[in-house]
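Asks: Before we start, here is the structure in question, set down as structure tokens.
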Amino acid sequence: MSEVLAFLSRVEDVREQDKIIYPLSSLLFMSICAIFCGAESWDDMVVFTESRKDWLSNYIDMQGLFMTIN
């Protein structure tokens, strides 16, 4: 898993720096894991992330992470 996280941390983050709340590598990791587990929408990704917080926190910092379904 460390290789995946290392790779994701090298992805260029083109977001406006003053608007970044969460590291891009964390968002990508959560999204990839959710998709591998069958997520097909943003709402599915939020549900996955909320239900797997304990597992995800073994790999990424989940402190202050707040995702919502719009």
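The chains in the structure tokens are called A, B, ... from first to last as shown; in each chain the residues are counted from 1, and the ligands are counted from 1 in the order shown.
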Would you list, as a list in words, the residues of segment 22-60 of chain A that end up in helix (DSSP H, G or I) under DSSP run on this structure's backbone?
Replies: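 Answer for segment 22-60 of chain A, restricted to helix (DSSP H, G or I): Leu24, Ser25, Ser26, Leu27, Leu28, Phe29, Met30, Ser31, Ile32, Cys33, Ala34, Ile35, Phe36, Trp42, Asp43, Asp44, Met45, Val46, Val47, Phe48, Thr49, Glu50, Ser51, Lys53, Asp54, Trp55 and Leu56 of chain A.
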Asks: Name the residues in contact with Met30 of chain A at a cut-off of 8 Å, using only C-alpha atoms, excluding same-chain residues fewer than 4 positions from it; report them as a list in words.
Replies: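 The contact residues come out as Ser26, Ala34, Met45, Thr49 and Leu56 of chain A.
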Asks: Which neighbours of Val11 of chain A fall inside 10 Å, counting only C-alpha atoms, when residues of the same chain fewer than 5 positions from it are skipped, and could you give them as a PyMOL selection string?
Replies: chain A and resi 6+24-25+28
Asks: Can I get the selected residues back with C-alpha atoms, as a JSON list (two decimals), in the first residue's frame?
Replies:
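Dumped to selection.json:
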```
[["chain", "number", "residue", "atom", "x", "y", "z"],
["A", 6, "ALA", "CA", 3.97, 7.18, -2.72],
["A", 24, "LEU", "CA", -4.85, 15.33, -3.32],
["A", 25, "SER", "CA", -3.16, 12.02, -2.58],
["A", 28, "LEU", "CA", -7.27, 9.97, -4.86]]
```
Asks: Considering only C-alpha atoms, return as an mmCIF file with N, CA and C atoms, in the first residue's frame whatever protein or nucleic-acid residues lie within 12 Å of Met1 of chain A, sequence-local ones (same chain, fewer than 2 positions apart) excluded.
Replies:
```cif
data_model
loop_
_atom_site.group_PDB
_atom_site.id
_atom_site.type_symbol
_atom_site.label_atom_id
_atom_site.label_comp_id
_atom_site.auth_asym_id
_atom_site.auth_seq_id
_atom_site.Cartn_x
_atom_site.Cartn_y
_atom_site.Cartn_z
ATOM 1 N N GLU A 3 3.512 1.804 -1.646
ATOM 2 C CA GLU A 3 3.893 2.163 -3.016
ATOM 3 C C GLU A 3 2.787 2.958 -3.703
ATOM 4 N N VAL A 4 1.551 2.561 -3.466
ATOM 5 C CA VAL A 4 0.405 3.279 -4.047
ATOM 6 C C VAL A 4 0.365 4.704 -3.511
ATOM 7 N N LEU A 5 0.503 4.845 -2.211
ATOM 8 C CA LEU A 5 0.467 6.178 -1.604
ATOM 9 C C LEU A 5 1.635 7.035 -2.080
ATOM 10 N N ALA A 6 2.804 6.433 -2.227
ATOM 11 C CA ALA A 6 3.967 7.177 -2.724
ATOM 12 C C ALA A 6 3.719 7.651 -4.150
ATOM 13 N N PHE A 7 3.144 6.792 -4.979
ATOM 14 C CA PHE A 7 2.829 7.175 -6.353
ATOM 15 C C PHE A 7 1.811 8.312 -6.375
ATOM 16 N N LEU A 8 0.756 8.188 -5.587
ATOM 17 C CA LEU A 8 -0.290 9.215 -5.570
ATOM 18 C C LEU A 8 0.238 10.559 -5.070
ATOM 19 N N PHE A 29 -6.627 8.388 -3.131
ATOM 20 C CA PHE A 29 -6.601 7.079 -2.480
ATOM 21 C C PHE A 29 -8.005 6.638 -2.094
ATOM 22 N N CYS A 33 -9.953 3.406 -3.841
ATOM 23 C CA CYS A 33 -10.439 2.310 -2.995
ATOM 24 C C CYS A 33 -11.947 2.141 -3.149
ATOM 25 N N LEU A 56 -9.381 3.163 6.401
ATOM 26 C CA LEU A 56 -8.667 4.206 5.657
ATOM 27 C C LEU A 56 -7.659 4.933 6.536
ATOM 28 N N ASN A 58 -5.742 3.839 8.622
ATOM 29 C CA ASN A 58 -4.478 3.105 8.709
ATOM 30 C C ASN A 58 -3.481 3.582 7.663
ATOM 31 N N TYR A 59 -3.975 4.249 6.620
ATOM 32 C CA TYR A 59 -3.132 4.633 5.491
ATOM 33 C C TYR A 59 -3.044 6.139 5.261
ATOM 34 N N ILE A 60 -4.107 6.867 5.574
ATOM 35 C CA ILE A 60 -4.119 8.319 5.361
ATOM 36 C C ILE A 60 -4.671 9.008 6.599
#
```
Asks: Excluding same-chain residues fewer than 5 positions from Phe48 of chain A, what lies within 12 Å of it counting only C-alpha atoms, as an mmCIF file with C-alpha atoms, in the first residue's frame?
Replies:
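After the write, part-v1.cif holds the following:
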```cif
data_model
loop_
_atom_site.group_PDB
_atom_site.id
_atom_site.type_symbol
_atom_site.label_atom_id
_atom_site.label_comp_id
_atom_site.auth_asym_id
_atom_site.auth_seq_id
_atom_site.Cartn_x
_atom_site.Cartn_y
_atom_site.Cartn_z
ATOM 1 C CA MET A 30 -10.134 7.187 -1.068
ATOM 2 C CA SER A 31 -11.624 7.436 -4.554
ATOM 3 C CA ILE A 32 -9.604 4.540 -5.957
ATOM 4 C CA CYS A 33 -10.439 2.310 -2.995
ATOM 5 C CA ALA A 34 -14.129 3.184 -3.302
ATOM 6 C CA ILE A 35 -14.159 2.425 -7.031
ATOM 7 C CA PHE A 36 -12.398 -0.922 -6.460
ATOM 8 C CA CYS A 37 -15.188 -1.713 -3.972
ATOM 9 C CA GLY A 38 -17.952 -0.919 -6.441
ATOM 10 C CA ALA A 39 -18.619 2.804 -6.029
ATOM 11 C CA GLU A 40 -20.240 4.237 -9.143
ATOM 12 C CA SER A 41 -20.927 7.821 -8.064
ATOM 13 C CA TRP A 42 -19.672 10.570 -5.770
ATOM 14 C CA ASP A 43 -22.406 9.643 -3.313
ATOM 15 C CA LYS A 53 -12.988 5.417 8.066
ATOM 16 C CA ASP A 54 -11.196 3.118 10.500
ATOM 17 C CA TRP A 55 -9.556 1.119 7.709
ATOM 18 C CA LEU A 56 -8.667 4.206 5.657
ATOM 19 C CA MET A 67 -17.428 14.570 3.168
ATOM 20 C CA THR A 68 -21.085 15.069 2.379
ATOM 21 C CA ILE A 69 -23.630 13.808 -0.070
#
```
Asks: Give me, as number ranges by chain, all polymer residues having an atom no more than 10 Å from Asp13 of chain A, counting only C-alpha atoms and skipping those fewer than 3 positions away in the same chain.
Replies: A: 9-10, 16-17, 20, 23-25
